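Take a look at the structure below.
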Amino acid sequence: MNSTYQRPRRSHLGSLAGFTIIELILVLTVAGVMATISIGAISKQNTHTRVQKAASAVEQNLQFAFALAGRSRKPVQIKWVSSALQLQIRDRAGTVYRRVGFSGNSGFNLTSSNISFSRATDPLLEIMPSGYATDTLNILFSSNGFSRRVRMTRGGIIQSYTP
């Protein structure tokens with residue numbers, strides 16, 4: 001009797017390791033479904049962020065306009081240029097101090113249907129050096145079911161909130 005141990009031989013087919021085609025198709029299908037679900041959520045979040053940032057930019061620029069009027073002791077005008085989707089802060093001579101664009105190349109990627117004003121700003125809205133505006137202003141930004149409103153009172157209180 002021979003005392004050496006001999007391993008049983010395996011065939012080539014039994015030693016192959018890997019995945020079957022059905023397993024690969026199943027994994028790819030699950031990954032595709034998860035990607036589809038997450039793309040919708042990411043798109044919704046991007047819209048929410050764009051609207052929120054646009055409202056924040058307007059709020060900051062309106063605050064700047066009040067500060068500029070007080071600092072320079074001259075009236076400052078707020079003008080909405082609808083053809084360019086642009087809010088301008090300027091003086092009576094027409095010198096533009098700031099402009100905020102909301103069209104596709106601005107990063108906000110909003111259209112004219114996404115922005116509505118409570119009043120036409122063409123007669124211009126003016127902020128006097130005393131800290132009072134000639135009128136109130138409400139701007140509504142909305143896109144894909146999410147909206148944000150910026151409200152400015154005559155006394156210079158500026159609020160941004162979800163209506």
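Chain labels A, B, ... are given in the sequence in which chains occur in the structure tokens; within each chain residues are numbered consecutively from 1, and ligands are likewise numbered from 1 in the order shown.
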Just want the 6 Å neighbourhood of segment 127-143 of chain A, counted on only C-alpha atoms, with same-chain residues fewer than 5 positions away dropped. Output as an MDAnalysis selection string. chainID A and resid 69:70 73:76 114:118 148:155
Exercise: Leu85 of chain A partners within 7 Å, only C-alpha atoms, chain neighbours under 5 positions left out, as a list of chain:residue names: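 Once the adjacent positions are removed, what remains is A:Gly101, A:Phe102, A:Ser103, A:Ser112.
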Quick one: residues within 12 Å of Asn144 of chain A, only C-alpha atoms counted, chain neighbours fewer than 6 positions away excluded, as a VMD selection string? chain A and resid 40 43 to 51 110 113 to 114
Write the selection just made, keeping C-alpha atoms, as a CSV table (one decimal), in the first residue's frame?
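Okay, result.csv is ready:
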```csv
chain,number,residue,atom,x,y,z
A,40,GLY,CA,-34.9,62.2,-11.5
A,43,SER,CA,-32.7,66.9,-11.6
A,44,LYS,CA,-35.2,68.0,-9.1
A,45,GLN,CA,-32.5,69.0,-6.6
A,46,ASN,CA,-30.7,71.0,-9.3
A,47,THR,CA,-33.8,72.9,-10.1
A,48,HIS,CA,-34.4,73.6,-6.4
A,49,THR,CA,-30.8,74.9,-6.1
A,50,ARG,CA,-31.0,77.1,-9.2
A,51,VAL,CA,-34.2,78.8,-8.0
A,110,LEU,CA,-34.2,80.3,-16.0
A,113,SER,CA,-41.8,82.1,-17.7
A,114,ASN,CA,-39.9,81.2,-14.5
```
I'd like the neighbourhood of segment 56-65 of chain A as a list in words, where a residue qualifies if any of its atoms comes within 8 Å (using only C-alpha atoms), though same-chain residues fewer than 3 positions away should be ignored.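 Skipping anything fewer than 3 positions along the chain leaves Gln52, Lys53, Leu68, Ala69, Val76, Gln77, Ile78, Leu87, Ile89, Arg98, Val100, Ile127, Val150, Met152, Gly156, Ile158, Gln159 and Ser160 of chain A.
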For the selection just defined, write its residues with C-alpha atoms to a file, as a compact mmCIF listing (two decimals), in the first residue's frame.
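Contents of the output file again-v9.txt:
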```txt
# COMPACT_ATOMS: atom_id res chain seq x y z
CA GLN A 52 -32.89 79.24 -4.46
CA LYS A 53 -29.61 80.76 -5.70
CA LEU A 68 -25.24 102.17 -2.25
CA ALA A 69 -27.99 104.80 -2.12
CA VAL A 76 -30.27 104.33 -7.06
CA GLN A 77 -32.53 102.71 -9.64
CA ILE A 78 -33.58 99.10 -9.97
CA LEU A 87 -31.79 92.92 -13.08
CA ILE A 89 -28.70 98.38 -10.21
CA ARG A 98 -24.39 95.67 -10.88
CA VAL A 100 -27.58 89.94 -12.53
CA ILE A 127 -34.23 103.88 -3.77
CA VAL A 150 -38.22 87.82 -2.80
CA MET A 152 -38.82 94.21 -0.73
CA GLY A 156 -35.73 98.46 2.82
CA ILE A 158 -35.85 92.38 2.03
CA GLN A 159 -37.04 88.82 2.62
CA SER A 160 -36.62 85.64 0.65
```
Where in segment 32-146 of chain A does DSSP assign alpha helix (DSSP H), given as a PyMOL selection string? chain A and resi 32-72
Nearest to Ala54 of chain A, chosen from A:Arg99, A:Arg119, A:Thr162, A:Phe108, with only C-alpha atoms counted in the distances: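 Distance minimum relative to Ala54 of chain A lands on A:Phe108.
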Taking only C-alpha atoms into account, name the residue in A:Val81, A:Val96, A:Leu28, A:Ala55 that is nearest to Tyr161 of chain A.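 Closest to Tyr161 of chain A, using only C-alpha atoms: A:Ala55.
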Residues flagged strand (DSSP E or B) by DSSP in segment 27-160 of chain A, as a ChimeraX atom specification: /A:76-81,86-91,96-101,115-117,125-127,133,137-143,146-152,158-160
Quote the spacing between atom CA of Ile21 of chain A and atom CA of Ile39 of chain A in Å to one decimal place.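 Calculated distance between atom CA of Ile21 of chain A and atom CA of Ile39 of chain A is 26.8 Å.
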Distance atom CA of Thr36 of chain A-atom CA of Leu24 of chain A, one decimal place? 18.4 Å
